[in-house]
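Engineer: Just passing along the structure, written as structure tokens.
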Amino acid sequence: MKTLYRLGLLVMWSGVLPVQAVVPDSTLNMPFRNTGLSFEERVNDLVGRLTLEEKISQMQHTAVGIERLGIPAYNWWNECLHGVGRSGDKVTVFPQAIGMAATFDAPALERMGEITSDEARAIYHEAIRQGKVGEQYKGLTFWTPNINIFRDPRWGRGQETYGEDPYLTGVMGSAIVKGLQGNDPKYLKTSACAKHYAVHSGPEVGRHEFDAQVSAYDLWDTYLPAFHELVVNAGVSSVMCAYNRFEGQPCCGNDRLMMTILRDLWGFEGYVTSDCGAIDDFFRFHKTHPDESSASADAVIHGTDLECGSVYKALSEAVRKGQLSEQQIDVCVKRLFLIRFRLGMFDPEEQVAYNRIPYTVLESEAHRQHALKMARESMVLLKNEKHTLPLRQQLKKIVVIGPNADEPEVQLGNYNGFPSRIVTPLEGIRARAGAEVVYVKGSNYTTALPDETAKLAEAIQGADLAIYVGGISPRLEGEEGDAGKEKLDGFKGGDRTSIALPEIQTAVMKQVKTAGIPLVFVVMSGSALGFEWEAEHADAIVQAWYGGQAAGTAIAEVLFGDYNPGGRLPVTFYRSDKDLPDFLDYSMVNRTYRYFQGEPLYPFGFGLSYTTFKYTHLQCPREVNTGDKMEVSVKVKNTGKVAGDEVVQLYLSHSEGEQPKPICALQGVKRIFLQPGESQEVRFELKPEQLALVDDAGRTICSPGRMQVYVGGGQPRYSTTGLKAAVTIIGDTCILEE
């Protein structure tokens, strides 16, 4: 009988050994095996037993097994942007991150994180049972969420984010971190990761050599708040440093970002991983380092514990050259093993409750229902002329058109897994319509198709309505290398060179309108599109994002009134490219709703409903002392005839003070459900730093002066239902953070 160490689970095994590492008898009484000691004591003991080469072998994402100590191999690289990604198992796939941001529903996103971590645990333990130790995308360390600010709609990876607003990004990012990491006082359920740190949001082309230059104001006002929220308040266990440079230094070897802010000011004690290939960039593209050993040494010195890549193999040479010490390597290795211990990988199975999650949870009915719930909640009704929606029941013939009407994989976005069943918009409409449904593709995304004009002309004859399902695709927008491989007008290397809806799609919709039948435009995209003609001429518009496995069902439910849409835009929809500054410019001047001086096509926070809401009884203090919190409440009533969700949004605007300031800034949000005639009091508690402003030096300062509080269903500039109140901040100026 031998004692077998199965990827951290001690079990008894007799017979033929699988590929897992065997725990030698000589190690069974070593302190790192003693579950009665603290994780820190056990990690210190384990790392103290490793050779330099063994330590270095643990600092690459493909950590090798150490047979003499019974340490199994482990692959750190895993993804769960909107459900477990790339594992090869059939999993539940939720809307793309930008779609989940449109729900403005943090509790729902936290539940999504719980479901994803349930499925991740099940996949991990099934991999153990199958002997797949160290296989990629089977582990428990996830490089999610992406909390970069979606500052420019041309960025292809913006679909992975929670939008353009720092506050909303922090709220939603914190929610998924809590769902992924669990609430066990001792063990992590899975490990979440805040990425890409920092000042990283395109372009994709050049990201390996780009030097992001921003003011101290923009750094602290826009680019860092979400990272601060996840690191300091949500307890995220990992951070990924970005490809680009910041102020001349690569992010993974950056004095200010990695040392001064992350480790010293914020006190981050988790592990930092490089983005994949980012250490190569030090000497290949940034040209800040001459070779592999100097790049590796500098990254480690700056606290990059793990490399996604293979350059860290040069660390042994770096130690020999005196570029860093073995003790500095020890710090990194201890952080890495601490995560693995916190995940329960070195404890008996029965001690970790998460080990009991069965493989049968994958795609369970409850999980599928939550994917449908989030798809429903993500739908944003942008236009509804003359109450075109919900569709009337007496329709006899509906024509469904467009390149996204029946393309199932488009709904999955990027960094995705694969479910057993994907419902496309065409399938959802056919299942719900109770009428003849005729499908014509009409065109590709950017080019015409032979004979489609004639087919469409024939199809729309005698039709009561046309539903055009268009937009773009994750094959056109996304990460460098994954998208934009074809040379098409408007797209380059995963990014867009224009935000305009491709002209061919507008041409197809013009053909429909010429026929004189109502036109409903369903937009599937991971970013804001410019479609001025459609905004003026379509009878109804629904922004549906990349809605996951249940997108088709959710779209049909919204169109036919089975579900009242309540999603809100997490990004500004600009009218055209003329509204956008240079893509390379990281200044926030005239960017996002907080600083944009123009007139958007559709503003951040906007979304229509099939019912109406009334706000009354706004309660907030007339005065608040600098450095104090503030409570605000409002009463919301559904004054229409249809039950529905309202997204209650609280914005602050500062009218006084010399320091720079946003036009307005979201500082509170709650999504509520109300029956017709039902009322609910909604309360917000604002922290002192939410009432403050950032100065030119990047300090968070609460100064005396006047401030406007607005609570409503959208921004104060574009919502007519909300209420305003003036608040005076009194007392002495105080620095809350610097």
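Simple scheme: letters A, B, ... for chains in structure tokens order, numbers from 1 for residues in each chain, numbers from 1 for ligands in the order shown.
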Taking the backbone alone, and naming residues the way the document does, which bits of segment 149-197 of chain A are alpha helix (DSSP H) by DSSP, as a list in words?

Structural biologist: Pro166, Tyr167, Leu168, Thr169, Gly170, Val171, Met172, Gly173, Ser174, Ala175, Ile176, Val177, Lys178, Gly179, Leu180 and Gln181 of chain A

Engineer: Take the residues from that selection and put them in a file with C-alpha atoms, as a CSV table (one decimal), in the first residue's frame.

Structural biologist:
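Result file is part_28.csv:
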```csv
chain,number,residue,atom,x,y,z
A,166,PRO,CA,-14.5,53.4,-12.7
A,167,TYR,CA,-17.2,53.1,-10.0
A,168,LEU,CA,-19.3,50.6,-11.9
A,169,THR,CA,-16.2,48.6,-12.9
A,170,GLY,CA,-15.1,48.4,-9.2
A,171,VAL,CA,-18.6,47.3,-8.1
A,172,MET,CA,-19.0,44.6,-10.7
A,173,GLY,CA,-15.4,43.5,-10.5
A,174,SER,CA,-15.7,43.1,-6.7
A,175,ALA,CA,-18.9,41.1,-7.1
A,176,ILE,CA,-17.3,38.5,-9.4
A,177,VAL,CA,-14.2,38.3,-7.2
A,178,LYS,CA,-16.4,37.5,-4.2
A,179,GLY,CA,-18.3,34.9,-6.2
A,180,LEU,CA,-15.2,33.2,-7.5
A,181,GLN,CA,-13.2,33.2,-4.2
```

Engineer: Excluding segment 523-535 of chain A and residues on its chain fewer than 3 positions from it, collect all residues at most 9 Å away from it, counting only C-alpha atoms, and give them as a ChimeraX atom specification.

Structural biologist: /A:96-99,150,153-160,163,382-383,404,410-411,413,468-474,477-478,498-501,506,509-510,538-547,571-577,601

Engineer: The selected residues should be written to file as an mmCIF file, in the first residue's frame (atoms: C-alpha atoms).

Structural biologist:
```cif
data_model
loop_
_atom_site.group_PDB
_atom_site.id
_atom_site.type_symbol
_atom_site.label_atom_id
_atom_site.label_comp_id
_atom_site.auth_asym_id
_atom_site.auth_seq_id
_atom_site.Cartn_x
_atom_site.Cartn_y
_atom_site.Cartn_z
ATOM 1 C CA GLN A 96 -19.899 38.536 -22.377
ATOM 2 C CA ALA A 97 -18.548 40.738 -19.552
ATOM 3 C CA ILE A 98 -19.715 43.976 -21.177
ATOM 4 C CA GLY A 99 -23.214 42.482 -21.381
ATOM 5 C CA PHE A 150 -13.123 50.895 -21.698
ATOM 6 C CA PRO A 153 -14.918 52.047 -28.234
ATOM 7 C CA ARG A 154 -12.393 51.045 -30.883
ATOM 8 C CA TRP A 155 -10.521 48.767 -28.455
ATOM 9 C CA GLY A 156 -11.303 45.164 -29.391
ATOM 10 C CA ARG A 157 -10.870 43.820 -25.867
ATOM 11 C CA GLY A 158 -13.261 46.331 -24.351
ATOM 12 C CA GLN A 159 -15.917 43.611 -24.530
ATOM 13 C CA GLU A 160 -14.048 41.848 -21.702
ATOM 14 C CA GLY A 163 -17.430 49.457 -19.269
ATOM 15 C CA LEU A 382 -32.533 51.998 -27.006
ATOM 16 C CA LYS A 383 -35.519 53.044 -29.092
ATOM 17 C CA ASN A 404 -25.958 37.581 -36.450
ATOM 18 C CA VAL A 410 -20.901 34.845 -32.083
ATOM 19 C CA GLN A 411 -22.985 34.916 -28.907
ATOM 20 C CA GLY A 413 -17.813 36.427 -27.207
ATOM 21 C CA TYR A 468 -32.647 42.752 -38.423
ATOM 22 C CA VAL A 469 -30.035 41.067 -36.180
ATOM 23 C CA GLY A 470 -26.735 42.688 -37.045
ATOM 24 C CA GLY A 471 -23.717 44.324 -35.486
ATOM 25 C CA ILE A 472 -20.261 42.799 -35.445
ATOM 26 C CA SER A 473 -18.511 39.661 -34.208
ATOM 27 C CA PRO A 474 -15.775 38.491 -31.818
ATOM 28 C CA GLU A 477 -13.170 42.669 -32.490
ATOM 29 C CA GLY A 478 -11.072 41.034 -29.786
ATOM 30 C CA SER A 498 -14.151 53.092 -37.234
ATOM 31 C CA ILE A 499 -17.079 52.736 -34.856
ATOM 32 C CA ALA A 500 -19.569 52.942 -37.716
ATOM 33 C CA LEU A 501 -21.881 50.027 -38.370
ATOM 34 C CA THR A 506 -27.372 49.820 -43.261
ATOM 35 C CA MET A 509 -32.057 47.858 -43.587
ATOM 36 C CA LYS A 510 -32.750 50.686 -46.020
ATOM 37 C CA ALA A 538 -35.554 52.041 -37.207
ATOM 38 C CA ASP A 539 -38.810 51.653 -35.296
ATOM 39 C CA ALA A 540 -37.139 49.915 -32.350
ATOM 40 C CA ILE A 541 -33.545 49.129 -31.351
ATOM 41 C CA VAL A 542 -32.333 46.560 -28.825
ATOM 42 C CA GLN A 543 -28.668 46.338 -27.821
ATOM 43 C CA ALA A 544 -28.104 42.625 -27.148
ATOM 44 C CA TRP A 545 -24.288 42.382 -26.821
ATOM 45 C CA TYR A 546 -22.845 38.850 -27.056
ATOM 46 C CA GLY A 547 -25.498 37.333 -24.847
ATOM 47 C CA VAL A 571 -20.510 52.745 -22.209
ATOM 48 C CA THR A 572 -21.288 55.881 -24.182
ATOM 49 C CA PHE A 573 -22.609 55.315 -27.700
ATOM 50 C CA TYR A 574 -21.020 58.083 -29.749
ATOM 51 C CA ARG A 575 -22.495 59.304 -33.008
ATOM 52 C CA SER A 576 -19.416 58.920 -35.190
ATOM 53 C CA ASP A 577 -15.642 58.745 -35.296
ATOM 54 C CA LEU A 601 -26.100 58.963 -29.772
#
```

Engineer: When you count only C-alpha atoms, which of these residues is closest to Thr453 of chain A: A:Lys441, A:Arg421, A:Arg86, A:Lys397?

Structural biologist: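 Ranking A:Lys441, A:Arg421, A:Arg86, A:Lys397 by distance to Thr453 of chain A, first place goes to A:Lys441.
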
Engineer: Expressed in Å to a single decimal, how great is the separation between atom CA of Arg717 of chain A and atom CA of Ser703 of chain A?

Structural biologist: 24.6 Å

Engineer: Find the spatial neighbours of Val647 of chain A, counting only C-alpha atoms, within a cut-off of 12 Å - ignore same-chain residues fewer than 4 positions away - and output them as a PyMOL selection string.

Structural biologist: chain A and resi 102-106+377-378+380+565-570+605-609+613+615+636+668-674+682+711-715+722

Engineer: Name the closest residue to Leu219 of chain A among the candidates A:Glu409, A:Glu631, A:Glu247, A:Glu110; distances are taken between atoms, counting only C-alpha atoms.

Structural biologist: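 Answer, going by the shortest atom-to-atom distance: A:Glu247.
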
Engineer: If you count only C-alpha atoms, which residues fall within 10 Å of Ala643 of chain A, apart from same-chain ones fewer than 6 positions away, as a list in words?

Structural biologist: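 Contacts, in chain order: Tyr563, Asn564, Ser609, Tyr610, Thr611, Thr612, Phe673, Leu674, Gln675, Pro676, Gly677 and Glu678 of chain A.
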
Engineer: Hey, can you check how far atom CA of Met379 of chain A sits from atom CA of Trp143 of chain A?

Structural biologist: 26.5 Å

Engineer: Counting only C-alpha atoms, which of A:Val522, A:Ile555, A:Met240, A:Ala108 gets nearest to Glu427 of chain A?

Structural biologist: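 Nearest to Glu427 of chain A: A:Ile555.
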
Engineer: I'd like the contact shell of segment 30-38 of chain A - 10 Å cut-off, only C-alpha atoms, skipping same-chain residues fewer than 4 positions apart - returned as a ChimeraX atom specification.

Structural biologist: /A:10,25-26,42-47,49,69,341,346-348,351

Engineer: Could the residues in this selection be written to a file with C-alpha atoms, as a PDB file, in the first residue's frame?

Structural biologist:
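Printed below is out33.pdb as written:
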```pdb
ATOM      1  CA  LEU A  10      -3.929  12.655   0.252  1.00  0.00           C
ATOM      2  CA  ASP A  25       7.380   8.279   3.331  1.00  0.00           C
ATOM      3  CA  SER A  26      10.244  10.504   4.424  1.00  0.00           C
ATOM      4  CA  ARG A  42       3.858  25.285   6.079  1.00  0.00           C
ATOM      5  CA  VAL A  43       4.876  27.351   3.060  1.00  0.00           C
ATOM      6  CA  ASN A  44       8.059  28.540   4.766  1.00  0.00           C
ATOM      7  CA  ASP A  45       8.990  24.955   5.527  1.00  0.00           C
ATOM      8  CA  LEU A  46       8.286  23.748   1.993  1.00  0.00           C
ATOM      9  CA  VAL A  47      10.144  26.549   0.211  1.00  0.00           C
ATOM     10  CA  ARG A  49      13.483  22.540   1.256  1.00  0.00           C
ATOM     11  CA  LEU A  69       8.696  16.012  -2.145  1.00  0.00           C
ATOM     12  CA  PHE A 341      -2.256  25.986   0.060  1.00  0.00           C
ATOM     13  CA  PHE A 346      -2.080  20.201   0.096  1.00  0.00           C
ATOM     14  CA  ASP A 347      -4.768  19.172   2.552  1.00  0.00           C
ATOM     15  CA  PRO A 348      -6.812  15.975   2.910  1.00  0.00           C
ATOM     16  CA  GLN A 351     -11.007  19.103   5.148  1.00  0.00           C
TER      17      GLN A 351
END
```

Engineer: Which residues, written as a list in words, have at least one atom at most 6 Å from Phe246 of chain A, with only C-alpha atoms counted and residues fewer than 3 positions away on the same chain left out?

Structural biologist: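 In the requested format, the answer is Asp211, Ala212, Gln249 and Cys251 of chain A.
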
Engineer: Would you save the residues of that selection, restricted to all heavy atoms, as a short mmCIF file (atom, residue, chain, number, x, y, z; two decimals), in the first residue's frame?

Structural biologist:
```cif
data_model
loop_
_atom_site.label_atom_id
_atom_site.label_comp_id
_atom_site.auth_asym_id
_atom_site.auth_seq_id
_atom_site.Cartn_x
_atom_site.Cartn_y
_atom_site.Cartn_z
N ASP A 211 4.02 52.94 -24.73
CA ASP A 211 4.30 53.60 -23.46
C ASP A 211 3.12 54.51 -23.11
O ASP A 211 2.94 55.55 -23.74
CB ASP A 211 5.59 54.41 -23.56
CG ASP A 211 6.04 54.97 -22.21
OD1 ASP A 211 5.42 54.62 -21.19
OD2 ASP A 211 7.00 55.76 -22.19
N ALA A 212 2.31 54.10 -22.15
CA ALA A 212 1.12 54.87 -21.78
C ALA A 212 1.54 56.05 -20.90
O ALA A 212 2.13 55.87 -19.84
CB ALA A 212 0.14 53.98 -21.03
N GLN A 249 8.69 52.57 -18.04
CA GLN A 249 9.04 51.24 -17.53
C GLN A 249 7.94 50.24 -17.87
O GLN A 249 6.75 50.55 -17.77
CB GLN A 249 9.20 51.27 -16.01
CG GLN A 249 10.42 52.02 -15.50
CD GLN A 249 10.51 51.95 -13.98
OE1 GLN A 249 9.56 52.31 -13.27
NE2 GLN A 249 11.64 51.48 -13.48
N CYS A 251 5.18 47.58 -17.36
CA CYS A 251 4.29 47.49 -16.19
C CYS A 251 4.72 46.40 -15.22
O CYS A 251 4.57 46.55 -14.00
CB CYS A 251 2.85 47.26 -16.65
SG CYS A 251 2.09 48.72 -17.41
#
```

Engineer: Could you pull out the residues in segment 467-528 of chain A that DSSP calls strand (DSSP E or B) from the backbone, as a PDB file with all heavy atoms, in the first residue's frame?

Structural biologist:
```pdb
ATOM      1  N   ILE A 467     -37.147  41.928 -38.531  1.00  0.00           N
ATOM      2  CA  ILE A 467     -36.217  41.993 -37.402  1.00  0.00           C
ATOM      3  C   ILE A 467     -34.822  41.789 -37.966  1.00  0.00           C
ATOM      4  O   ILE A 467     -34.501  40.709 -38.483  1.00  0.00           O
ATOM      5  CB  ILE A 467     -36.528  40.917 -36.344  1.00  0.00           C
ATOM      6  CG1 ILE A 467     -37.954  41.089 -35.808  1.00  0.00           C
ATOM      7  CG2 ILE A 467     -35.513  40.982 -35.202  1.00  0.00           C
ATOM      8  CD1 ILE A 467     -38.407  39.949 -34.913  1.00  0.00           C
ATOM      9  N   TYR A 468     -34.012  42.834 -37.905  1.00  0.00           N
ATOM     10  CA  TYR A 468     -32.647  42.752 -38.423  1.00  0.00           C
ATOM     11  C   TYR A 468     -31.697  42.523 -37.246  1.00  0.00           C
ATOM     12  O   TYR A 468     -31.599  43.362 -36.345  1.00  0.00           O
ATOM     13  CB  TYR A 468     -32.262  44.026 -39.166  1.00  0.00           C
ATOM     14  CG  TYR A 468     -30.904  43.919 -39.836  1.00  0.00           C
ATOM     15  CD1 TYR A 468     -30.796  43.452 -41.138  1.00  0.00           C
ATOM     16  CD2 TYR A 468     -29.739  44.248 -39.150  1.00  0.00           C
ATOM     17  CE1 TYR A 468     -29.553  43.320 -41.747  1.00  0.00           C
ATOM     18  CE2 TYR A 468     -28.498  44.116 -39.747  1.00  0.00           C
ATOM     19  CZ  TYR A 468     -28.411  43.653 -41.041  1.00  0.00           C
ATOM     20  OH  TYR A 468     -27.180  43.512 -41.642  1.00  0.00           O
ATOM     21  N   VAL A 469     -30.976  41.399 -37.250  1.00  0.00           N
ATOM     22  CA  VAL A 469     -30.035  41.067 -36.180  1.00  0.00           C
ATOM     23  C   VAL A 469     -28.627  41.231 -36.740  1.00  0.00           C
ATOM     24  O   VAL A 469     -28.111  40.354 -37.441  1.00  0.00           O
ATOM     25  CB  VAL A 469     -30.245  39.638 -35.655  1.00  0.00           C
ATOM     26  CG1 VAL A 469     -29.393  39.415 -34.406  1.00  0.00           C
ATOM     27  CG2 VAL A 469     -31.720  39.391 -35.343  1.00  0.00           C
ATOM     28  N   GLY A 470     -28.039  42.372 -36.481  1.00  0.00           N
ATOM     29  CA  GLY A 470     -26.735  42.688 -37.045  1.00  0.00           C
ATOM     30  C   GLY A 470     -25.724  43.073 -35.985  1.00  0.00           C
ATOM     31  O   GLY A 470     -25.789  42.628 -34.848  1.00  0.00           O
ATOM     32  N   GLY A 471     -24.791  43.924 -36.383  1.00  0.00           N
ATOM     33  CA  GLY A 471     -23.717  44.324 -35.486  1.00  0.00           C
ATOM     34  C   GLY A 471     -22.387  43.805 -35.987  1.00  0.00           C
ATOM     35  O   GLY A 471     -22.119  43.791 -37.186  1.00  0.00           O
ATOM     36  N   GLU A 480      -5.548  40.791 -29.903  1.00  0.00           N
ATOM     37  CA  GLU A 480      -4.584  40.602 -30.973  1.00  0.00           C
ATOM     38  C   GLU A 480      -4.282  39.107 -31.135  1.00  0.00           C
ATOM     39  O   GLU A 480      -4.007  38.405 -30.176  1.00  0.00           O
ATOM     40  CB  GLU A 480      -3.287  41.335 -30.629  1.00  0.00           C
ATOM     41  CG  GLU A 480      -2.159  41.144 -31.618  1.00  0.00           C
ATOM     42  CD  GLU A 480      -0.836  41.639 -31.061  1.00  0.00           C
ATOM     43  OE1 GLU A 480      -0.509  41.283 -29.914  1.00  0.00           O
ATOM     44  OE2 GLU A 480      -0.138  42.370 -31.768  1.00  0.00           O
ATOM     45  N   ALA A 483      -8.594  37.909 -33.135  1.00  0.00           N
ATOM     46  CA  ALA A 483      -9.589  38.588 -33.965  1.00  0.00           C
ATOM     47  C   ALA A 483      -8.888  39.477 -34.982  1.00  0.00           C
ATOM     48  O   ALA A 483      -7.700  39.773 -34.869  1.00  0.00           O
ATOM     49  CB  ALA A 483     -10.527  39.427 -33.095  1.00  0.00           C
ATOM     50  N   PHE A 491     -11.599  47.570 -39.518  1.00  0.00           N
ATOM     51  CA  PHE A 491     -11.051  46.679 -38.496  1.00  0.00           C
ATOM     52  C   PHE A 491      -9.553  46.493 -38.717  1.00  0.00           C
ATOM     53  O   PHE A 491      -9.084  46.422 -39.851  1.00  0.00           O
ATOM     54  CB  PHE A 491     -11.743  45.316 -38.528  1.00  0.00           C
ATOM     55  CG  PHE A 491     -13.231  45.399 -38.339  1.00  0.00           C
ATOM     56  CD1 PHE A 491     -14.078  45.542 -39.428  1.00  0.00           C
ATOM     57  CD2 PHE A 491     -13.792  45.358 -37.075  1.00  0.00           C
ATOM     58  CE1 PHE A 491     -15.442  45.630 -39.266  1.00  0.00           C
ATOM     59  CE2 PHE A 491     -15.160  45.450 -36.900  1.00  0.00           C
ATOM     60  CZ  PHE A 491     -15.997  45.580 -37.993  1.00  0.00           C
ATOM     61  N   LYS A 492      -8.808  46.381 -37.605  1.00  0.00           N
ATOM     62  CA  LYS A 492      -7.360  46.190 -37.710  1.00  0.00           C
ATOM     63  C   LYS A 492      -6.831  45.511 -36.451  1.00  0.00           C
ATOM     64  O   LYS A 492      -6.911  46.074 -35.364  1.00  0.00           O
ATOM     65  CB  LYS A 492      -6.656  47.529 -37.912  1.00  0.00           C
ATOM     66  CG  LYS A 492      -5.137  47.408 -38.064  1.00  0.00           C
ATOM     67  CD  LYS A 492      -4.483  48.765 -38.247  1.00  0.00           C
ATOM     68  CE  LYS A 492      -2.972  48.639 -38.374  1.00  0.00           C
ATOM     69  NZ  LYS A 492      -2.321  49.965 -38.522  1.00  0.00           N
ATOM     70  N   ASP A 495      -8.804  45.477 -33.212  1.00  0.00           N
ATOM     71  CA  ASP A 495      -9.452  46.757 -32.921  1.00  0.00           C
ATOM     72  C   ASP A 495     -10.290  47.197 -34.119  1.00  0.00           C
ATOM     73  O   ASP A 495     -10.270  46.585 -35.181  1.00  0.00           O
ATOM     74  CB  ASP A 495      -8.401  47.833 -32.635  1.00  0.00           C
ATOM     75  CG  ASP A 495      -7.616  47.562 -31.375  1.00  0.00           C
ATOM     76  OD1 ASP A 495      -8.214  47.084 -30.394  1.00  0.00           O
ATOM     77  OD2 ASP A 495      -6.397  47.811 -31.378  1.00  0.00           O
ATOM     78  N   ARG A 496     -11.009  48.288 -33.927  1.00  0.00           N
ATOM     79  CA  ARG A 496     -11.733  48.906 -35.031  1.00  0.00           C
ATOM     80  C   ARG A 496     -11.082  50.226 -35.405  1.00  0.00           C
ATOM     81  O   ARG A 496     -10.606  50.945 -34.530  1.00  0.00           O
ATOM     82  CB  ARG A 496     -13.196  49.131 -34.637  1.00  0.00           C
ATOM     83  CG  ARG A 496     -13.978  47.827 -34.501  1.00  0.00           C
ATOM     84  CD  ARG A 496     -15.430  48.082 -34.256  1.00  0.00           C
ATOM     85  NE  ARG A 496     -15.670  48.588 -32.916  1.00  0.00           N
ATOM     86  CZ  ARG A 496     -16.701  49.355 -32.589  1.00  0.00           C
ATOM     87  NH1 ARG A 496     -17.569  49.732 -33.501  1.00  0.00           N
ATOM     88  NH2 ARG A 496     -16.877  49.748 -31.354  1.00  0.00           N
ATOM     89  N   ALA A 500     -18.348  52.985 -36.909  1.00  0.00           N
ATOM     90  CA  ALA A 500     -19.569  52.942 -37.716  1.00  0.00           C
ATOM     91  C   ALA A 500     -20.017  51.510 -37.984  1.00  0.00           C
ATOM     92  O   ALA A 500     -19.197  50.619 -38.239  1.00  0.00           O
ATOM     93  CB  ALA A 500     -19.348  53.669 -39.034  1.00  0.00           C
ATOM     94  N   LEU A 519     -39.355  48.138 -38.842  1.00  0.00           N
ATOM     95  CA  LEU A 519     -38.022  47.563 -38.725  1.00  0.00           C
ATOM     96  C   LEU A 519     -37.567  47.583 -37.275  1.00  0.00           C
ATOM     97  O   LEU A 519     -37.520  48.639 -36.643  1.00  0.00           O
ATOM     98  CB  LEU A 519     -37.025  48.349 -39.584  1.00  0.00           C
ATOM     99  CG  LEU A 519     -35.543  48.019 -39.389  1.00  0.00           C
ATOM    100  CD1 LEU A 519     -35.235  46.600 -39.853  1.00  0.00           C
ATOM    101  CD2 LEU A 519     -34.671  49.035 -40.134  1.00  0.00           C
ATOM    102  N   VAL A 520     -37.230  46.398 -36.745  1.00  0.00           N
ATOM    103  CA  VAL A 520     -36.637  46.270 -35.415  1.00  0.00           C
ATOM    104  C   VAL A 520     -35.173  45.892 -35.603  1.00  0.00           C
ATOM    105  O   VAL A 520     -34.863  44.904 -36.274  1.00  0.00           O
ATOM    106  CB  VAL A 520     -37.357  45.208 -34.566  1.00  0.00           C
ATOM    107  CG1 VAL A 520     -36.650  45.039 -33.224  1.00  0.00           C
ATOM    108  CG2 VAL A 520     -38.819  45.586 -34.371  1.00  0.00           C
ATOM    109  N   PHE A 521     -34.281  46.663 -35.026  1.00  0.00           N
ATOM    110  CA  PHE A 521     -32.840  46.447 -35.158  1.00  0.00           C
ATOM    111  C   PHE A 521     -32.317  45.870 -33.847  1.00  0.00           C
ATOM    112  O   PHE A 521     -32.360  46.520 -32.807  1.00  0.00           O
ATOM    113  CB  PHE A 521     -32.151  47.769 -35.488  1.00  0.00           C
ATOM    114  CG  PHE A 521     -30.661  47.702 -35.654  1.00  0.00           C
ATOM    115  CD1 PHE A 521     -30.022  46.553 -36.102  1.00  0.00           C
ATOM    116  CD2 PHE A 521     -29.881  48.826 -35.390  1.00  0.00           C
ATOM    117  CE1 PHE A 521     -28.647  46.505 -36.263  1.00  0.00           C
ATOM    118  CE2 PHE A 521     -28.503  48.801 -35.558  1.00  0.00           C
ATOM    119  CZ  PHE A 521     -27.883  47.636 -35.988  1.00  0.00           C
ATOM    120  N   VAL A 522     -31.819  44.643 -33.889  1.00  0.00           N
ATOM    121  CA  VAL A 522     -31.190  43.996 -32.734  1.00  0.00           C
ATOM    122  C   VAL A 522     -29.686  44.010 -32.964  1.00  0.00           C
ATOM    123  O   VAL A 522     -29.199  43.451 -33.951  1.00  0.00           O
ATOM    124  CB  VAL A 522     -31.692  42.554 -32.547  1.00  0.00           C
ATOM    125  CG1 VAL A 522     -30.973  41.889 -31.376  1.00  0.00           C
ATOM    126  CG2 VAL A 522     -33.204  42.544 -32.323  1.00  0.00           C
ATOM    127  N   VAL A 523     -28.963  44.660 -32.064  1.00  0.00           N
ATOM    128  CA  VAL A 523     -27.525  44.867 -32.230  1.00  0.00           C
ATOM    129  C   VAL A 523     -26.762  43.892 -31.342  1.00  0.00           C
ATOM    130  O   VAL A 523     -26.934  43.883 -30.122  1.00  0.00           O
ATOM    131  CB  VAL A 523     -27.121  46.303 -31.848  1.00  0.00           C
ATOM    132  CG1 VAL A 523     -25.695  46.590 -32.288  1.00  0.00           C
ATOM    133  CG2 VAL A 523     -28.092  47.320 -32.419  1.00  0.00           C
ATOM    134  N   MET A 524     -25.900  43.091 -31.956  1.00  0.00           N
ATOM    135  CA  MET A 524     -25.014  42.219 -31.188  1.00  0.00           C
ATOM    136  C   MET A 524     -23.582  42.708 -31.394  1.00  0.00           C
ATOM    137  O   MET A 524     -23.082  42.754 -32.510  1.00  0.00           O
ATOM    138  CB  MET A 524     -25.171  40.763 -31.629  1.00  0.00           C
ATOM    139  CG  MET A 524     -26.575  40.221 -31.398  1.00  0.00           C
ATOM    140  SD  MET A 524     -26.772  38.479 -31.859  1.00  0.00           S
ATOM    141  CE  MET A 524     -25.934  37.679 -30.497  1.00  0.00           C
TER     142      MET A 524
END
```

Engineer: Env of Val93 of chain A: 10 Å cut, atoms = only C-alpha atoms, seq-sep filter 5 positions within chain, self excluded. Answer as number ranges by chain.

Structural biologist: A: 80-85, 112, 116, 363, 367-368, 370-372, 411-413, 416-422, 547-550

Engineer: In Å, rounded to a single decimal, give me how far atom CA of Glu307 of chain A is from atom CA of Gly322 of chain A.

Structural biologist: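 It comes out at 20.3 Å.
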
Engineer: Which of these, A:Leu306, A:Ser117, A:Asn414, A:His537, has the shortest distance to Leu476 of chain A once you count only C-alpha atoms?

Structural biologist: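 Under the stated criterion, the closest residue is A:Asn414.
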